[in-house]
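S.K.: This is the content of coords-v6.txt (compact mmCIF, C-alpha atoms):
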# COMPACT_ATOMS: atom_id res chain seq x y z
CA MET A 1 18.54 -31.71 153.35
CA PRO A 2 21.29 -33.15 155.52
CA VAL A 3 20.56 -36.01 157.89
CA LYS A 4 21.37 -35.46 161.58
CA TYR A 5 22.87 -38.12 163.82
CA PRO A 6 20.34 -39.63 166.21
CA THR A 7 20.79 -38.70 169.83
CA PRO A 8 21.20 -41.46 172.40
CA ALA A 9 17.69 -40.62 173.66
CA GLN A 10 16.18 -40.99 170.16
CA LEU A 11 17.94 -44.32 169.69
CA ARG A 12 16.61 -45.56 173.03
CA VAL A 13 13.03 -44.54 172.07
CA ALA A 14 13.34 -46.45 168.79
CA ALA A 15 14.76 -49.48 170.60
CA ASP A 16 11.94 -49.39 173.17
CA GLU A 17 9.33 -49.28 170.38
CA MET A 18 10.90 -52.41 168.91
CA GLY A 19 11.09 -54.20 172.25
CA LEU A 20 14.89 -54.03 172.50
CA SER A 21 16.83 -53.17 175.60
CA LEU A 22 20.16 -51.48 174.91
CA SER A 23 23.06 -50.86 177.24
CA ASP A 24 24.96 -47.58 177.12
CA ALA A 25 27.71 -49.41 175.20
CA ASP A 26 25.11 -50.67 172.66
CA VAL A 27 23.79 -47.14 172.11
CA THR A 28 27.30 -45.77 171.59
CA SER A 29 28.12 -48.65 169.23
CA PHE A 30 24.97 -48.19 167.12
CA ILE A 31 25.52 -44.45 166.78
CA GLY A 32 29.09 -45.19 165.65
CA LEU A 33 27.80 -47.72 163.09
CA LEU A 34 25.29 -45.22 161.71
CA LYS A 35 27.85 -42.41 161.45
CA GLY A 36 29.55 -43.68 158.28
CA ASN A 37 26.26 -44.09 156.41
CA ILE A 38 24.94 -40.72 157.51
CA ASP A 39 28.23 -39.04 156.56
CA ALA A 40 28.13 -40.69 153.11
CA TYR A 41 24.52 -39.60 152.56
CA ASN A 42 25.35 -36.03 153.56
CA VAL A 43 28.25 -35.91 151.06
CA VAL A 44 25.89 -36.95 148.26
CA ASP A 45 23.17 -34.58 149.49
CA ALA A 46 25.60 -31.64 149.35
CA LEU A 47 26.49 -32.30 145.69
CA GLN A 48 25.07 -29.91 143.14
CA ASP A 49 22.30 -31.26 140.90
CA HIS A 50 23.30 -31.38 137.26
CA LEU A 51 19.97 -31.72 135.51
CA PRO A 52 20.09 -32.05 131.74
CA VAL A 53 18.77 -29.15 129.69
CA VAL A 54 15.32 -29.59 128.17
CA LYS A 55 15.97 -28.80 124.49
CA TYR A 56 12.56 -28.78 122.82
CA PRO A 57 9.65 -26.48 123.73
CA ARG A 58 6.45 -28.04 124.95
CA THR A 59 3.22 -27.46 126.80
CA PRO A 60 1.84 -29.66 129.58
CA GLY A 61 -0.78 -30.96 127.18
CA TYR A 62 -4.28 -31.99 128.21
CA PHE A 63 -6.20 -35.02 129.45
CA PRO A 64 -8.41 -36.21 126.59
CA SER A 65 -12.12 -36.68 127.23
CA PRO A 66 -13.78 -40.11 126.99
CA GLU A 67 -15.42 -38.92 123.77
CA GLU A 68 -12.03 -38.17 122.23
CA ASP A 69 -10.45 -41.35 123.62
CA PRO A 70 -13.14 -44.02 124.12
CA ALA A 71 -10.59 -46.82 124.63
CA GLY A 72 -8.89 -44.90 127.47
CA ALA A 73 -5.47 -45.37 125.86
CA TRP A 74 -4.17 -41.83 126.41
CA TYR A 75 -3.09 -40.34 129.72
CA VAL A 76 -2.00 -36.98 128.31
CA LYS A 77 -2.00 -35.64 124.78
CA THR A 78 0.56 -33.04 123.77
CA THR A 79 2.78 -32.21 120.82
CA ILE A 80 6.53 -31.92 121.19
CA ALA A 81 8.41 -31.51 117.93
CA GLY A 82 11.99 -32.75 117.96
CA ALA A 83 14.94 -31.89 115.74
CA PRO A 84 14.14 -30.80 112.17
CA ASP A 85 16.08 -33.77 110.73
CA GLY A 86 16.94 -37.32 111.72
CA LEU A 87 15.94 -40.94 111.32
CA LEU A 88 12.56 -40.30 112.95
CA LYS A 89 11.84 -37.00 111.16
CA GLY A 90 8.11 -36.34 111.34
CA LYS A 91 7.23 -39.72 112.90
CA ARG A 92 4.49 -39.41 115.52
CA ILE A 93 5.41 -41.27 118.70
CA ALA A 94 3.53 -42.01 121.91
CA ILE A 95 5.52 -42.37 125.13
CA LYS A 96 4.40 -44.74 127.88
CA ASP A 97 3.46 -42.88 131.05
CA THR A 98 6.38 -44.36 132.95
CA SER A 99 8.90 -42.23 131.06
CA LEU A 100 9.93 -38.78 132.25
CA LEU A 101 8.72 -36.06 129.89
CA ALA A 102 9.67 -32.64 131.26
CA GLY A 103 6.74 -30.33 131.89
CA VAL A 104 4.14 -33.02 131.15
CA PRO A 105 2.22 -34.78 133.96
CA MET A 106 3.27 -38.33 134.88
CA MET A 107 1.26 -40.83 136.89
CA ALA A 108 2.58 -44.30 135.93
CA GLY A 109 -0.95 -45.61 136.48
CA ASN A 110 -0.70 -44.97 140.22
CA GLY A 111 -2.75 -42.42 142.16
CA ILE A 112 0.08 -41.55 144.54
CA LEU A 113 1.97 -39.93 141.64
CA GLU A 114 -0.98 -37.85 140.44
CA GLY A 115 0.12 -34.24 140.06
CA TYR A 116 3.81 -35.09 139.57
CA VAL A 117 5.43 -33.20 136.69
CA PRO A 118 9.04 -34.19 135.84
CA GLU A 119 11.70 -31.52 135.31
CA ILE A 120 13.78 -33.55 132.84
CA ASP A 121 13.33 -35.86 129.88
CA ALA A 122 14.21 -39.55 130.05
CA THR A 123 17.18 -40.48 127.89
CA THR A 124 14.88 -42.40 125.55
CA VAL A 125 12.67 -39.32 125.12
CA GLU A 126 15.68 -37.12 124.42
CA ARG A 127 16.93 -39.59 121.80
CA VAL A 128 13.54 -39.75 120.06
CA LEU A 129 13.39 -35.95 119.90
CA ASP A 130 17.02 -35.63 118.79
CA ALA A 131 16.23 -38.06 115.95
CA GLY A 132 13.41 -35.80 114.72
CA GLY A 133 10.45 -37.61 116.27
CA VAL A 134 7.29 -35.81 117.31
CA ILE A 135 5.93 -36.90 120.67
CA VAL A 136 2.14 -36.77 120.59
CA GLY A 137 1.42 -37.77 124.16
CA LYS A 138 1.72 -40.32 126.92
CA THR A 139 -0.19 -43.58 126.96
CA HIS A 140 -2.15 -44.68 130.00
CA CYS A 141 -0.62 -47.68 131.78
CA GLU A 142 -1.33 -50.24 134.46
CA ASP A 143 -0.63 -49.50 138.11
CA LEU A 144 3.16 -48.99 138.03
CA CYS A 145 3.13 -51.22 134.91
CA LEU A 146 2.79 -54.32 137.04
CA SER A 147 -0.24 -55.90 135.40
CA GLY A 148 -1.31 -57.07 132.00
CA SER A 149 -5.05 -56.96 132.61
CA SER A 150 -5.71 -53.42 131.31
CA SER A 151 -7.78 -52.75 134.43
CA THR A 152 -5.43 -51.66 137.22
CA GLY A 153 -4.66 -48.10 136.09
CA ALA A 154 -5.55 -45.50 138.71
CA LYS A 155 -7.82 -43.44 136.47
CA TRP A 156 -9.67 -45.96 134.28
CA SER A 157 -9.51 -49.28 132.46
CA ILE A 158 -8.03 -49.48 128.99
CA HIS A 159 -10.41 -51.07 126.51
CA ASN A 160 -9.62 -53.17 123.49
CA PRO A 161 -10.12 -50.77 120.55
CA TYR A 162 -11.87 -53.52 118.58
CA ARG A 163 -14.11 -54.74 121.41
CA HIS A 164 -15.05 -52.26 124.13
CA GLY A 165 -15.13 -53.80 127.61
CA TYR A 166 -12.42 -56.32 126.84
CA SER A 167 -8.75 -56.20 127.80
CA ALA A 168 -6.48 -54.36 125.43
Please rewrite the model in this file as structure tokens.
M.R.:
Amino acid sequence: MPVKYPTPAQLRVAADEMGLSLSDADVTSFIGLLKGNIDAYNVVDALQDHLPVVKYPRTPGYFPSPEEDPAGAWYVKTTIAGAPDGLLKGKRIAIKDTSLLAGVPMMAGNGILEGYVPEIDATTVERVLDAGGVIVGKTHCEDLCLSGSSSTGAKWSIHNPYRHGYSA
């Protein structure tokens, strides 16, 4: 969606909210300074999206129950078979829930992303699949992967598989 230039009145309202007083020359100057950035944004916005093709069929998967996943390590389980041959032929691989996996929910451990489903695969995902790997799901992660405590994920804590209640 293209960005419109602010009107002098809109710029004055913004300036007033910030406690600035602008002369007519200031308003004209600021609008002129914004013009180049807005024009550049609108050029990029008008470009056609060239999304890569998703090559391998998949389903959105499912969220495993606590009984199936007592350590809370999985965010989504699915099965996406890659190429029939390659260095990773038949290897089962889990993808961290910060990587785009087309058609499969992604949360990156943060509630604000809940419900987001990417349209494309990350390059790393595409390479795993092209090499014959089988993606078996996405692992639960910390809030935006910014913690090492195993307890900041939006849905649940991740438990140590050898000692429940302790950090993984």
S.K.: For each of A:Lys138, A:Lys55, A:His164, A:His159, take the minimum atom-to-atom distance to Met106 in chain A, counting all atoms listed in the file, then give the residue where this is smallest.
M.R.: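 Nearest candidate to Met106 in chain A out of A:Lys138, A:Lys55, A:His164, A:His159: A:Lys138.
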S.K.: Skipping near chain neighbours, those fewer than 6 positions away, what residues fall within 9 Å of Ala122 in chain A using all atoms listed in the file, listed as a list in words?
M.R.: Ser99, Leu100, Leu101 and Ala102 of chain A
S.K.: How close does range 67-92 of chain A get to range 124-137 of chain A? List, as JSON lines, each residue of range 67-92 of chain A within 7 Å, its nearest atom pair and the distance in Å to one decimal, counting only C-alpha atoms.
M.R.:
{"residue": "A:Val76", "atom": "CA", "partner": "A:Gly137", "partner_atom": "CA", "distance": 5.4}
{"residue": "A:Lys77", "atom": "CA", "partner": "A:Gly137", "partner_atom": "CA", "distance": 4.1}
{"residue": "A:Thr78", "atom": "CA", "partner": "A:Gly137", "partner_atom": "CA", "distance": 4.8}
{"residue": "A:Thr79", "atom": "CA", "partner": "A:Val136", "partner_atom": "CA", "distance": 4.6}
{"residue": "A:Ile80", "atom": "CA", "partner": "A:Ile135", "partner_atom": "CA", "distance": 5.0}
{"residue": "A:Ala81", "atom": "CA", "partner": "A:Val134", "partner_atom": "CA", "distance": 4.5}
{"residue": "A:Gly82", "atom": "CA", "partner": "A:Leu129", "partner_atom": "CA", "distance": 4.0}
{"residue": "A:Ala83", "atom": "CA", "partner": "A:Gly132", "partner_atom": "CA", "distance": 4.3}
{"residue": "A:Pro84", "atom": "CA", "partner": "A:Gly132", "partner_atom": "CA", "distance": 5.7}
{"residue": "A:Asp85", "atom": "CA", "partner": "A:Gly132", "partner_atom": "CA", "distance": 5.2}
{"residue": "A:Gly86", "atom": "CA", "partner": "A:Ala131", "partner_atom": "CA", "distance": 4.4}
{"residue": "A:Leu87", "atom": "CA", "partner": "A:Ala131", "partner_atom": "CA", "distance": 5.5}
{"residue": "A:Leu88", "atom": "CA", "partner": "A:Gly133", "partner_atom": "CA", "distance": 4.8}
{"residue": "A:Lys89", "atom": "CA", "partner": "A:Gly132", "partner_atom": "CA", "distance": 4.1}
{"residue": "A:Gly90", "atom": "CA", "partner": "A:Gly133", "partner_atom": "CA", "distance": 5.6}
{"residue": "A:Lys91", "atom": "CA", "partner": "A:Gly133", "partner_atom": "CA", "distance": 5.1}
{"residue": "A:Arg92", "atom": "CA", "partner": "A:Val134", "partner_atom": "CA", "distance": 4.9}
S.K.: Of the residues A:Gly19, A:Gly32, A:Pro105, A:Gly72, which is the one nearest to Thr59 in chain A, using all atoms listed in the file?
M.R.: A:Pro105
S.K.: So how far away is CA of Phe63 in chain A from CA of Tyr75 in chain A, in Å?
M.R.: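 Taking CA of Tyr75 in chain A and CA of Phe63 in chain A, their separation equals 6.2 Å.
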S.K.: Calculated over all atoms listed in the file, which of the candidates A:Asn110, A:Thr123, A:Ser167, A:Asn42 has the smallest distance to His140 in chain A?
M.R.: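 Residue with the minimum atom-to-atom distance to His140 in chain A: A:Asn110.
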S.K.: Quick one: distance from CA of Val104 in chain A to CA of Ala168 in chain A in Å, one decimal?
M.R.: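 For CA of Val104 in chain A relative to CA of Ala168 in chain A, the distance reads 24.5 Å.
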S.K.: Let me make sure I understand: among A:Ile38, A:Cys141, A:Ala46, A:Val54, which one has the smallest atom-to-atom distance to Ile120 in chain A if we use all atoms listed in the file?
M.R.: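 Closest to Ile120 in chain A of all the choices is A:Val54.
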S.K.: Please, what distance in Å, to one decimal, runs between CA of Arg58 in chain A and CA of Gly115 in chain A?
M.R.: 17.5 Å
S.K.: Considering all atoms listed in the file, can you say which of A:Thr28, A:Thr98, A:Asn160, A:Ser65 comes closest to Ala9 in chain A?
M.R.: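 Closest candidate: A:Thr28.
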S.K.: Residues at most 12 Å from Gln10 in chain A, counting all atoms listed in the file, excluding those fewer than 5 positions away in the same chain, as a compact mmCIF listing (two decimals) with C-alpha atoms, in the coordinates of the input?
M.R.:
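Saved result, part_5.txt, follows:
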# COMPACT_ATOMS: atom_id res chain seq x y z
CA LYS A 4 21.37 -35.46 161.58
CA TYR A 5 22.87 -38.12 163.82
CA ALA A 15 14.76 -49.48 170.60
CA ASP A 16 11.94 -49.39 173.17
CA GLU A 17 9.33 -49.28 170.38
CA VAL A 27 23.79 -47.14 172.11
CA PHE A 30 24.97 -48.19 167.12
CA ILE A 31 25.52 -44.45 166.78
S.K.: Find the residue from A:Thr7, A:Cys145, A:Lys155, A:Asp121 that sits nearest to Pro52 in chain A; use all atoms listed in the file when measuring.
M.R.: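 Closest candidate: A:Asp121.
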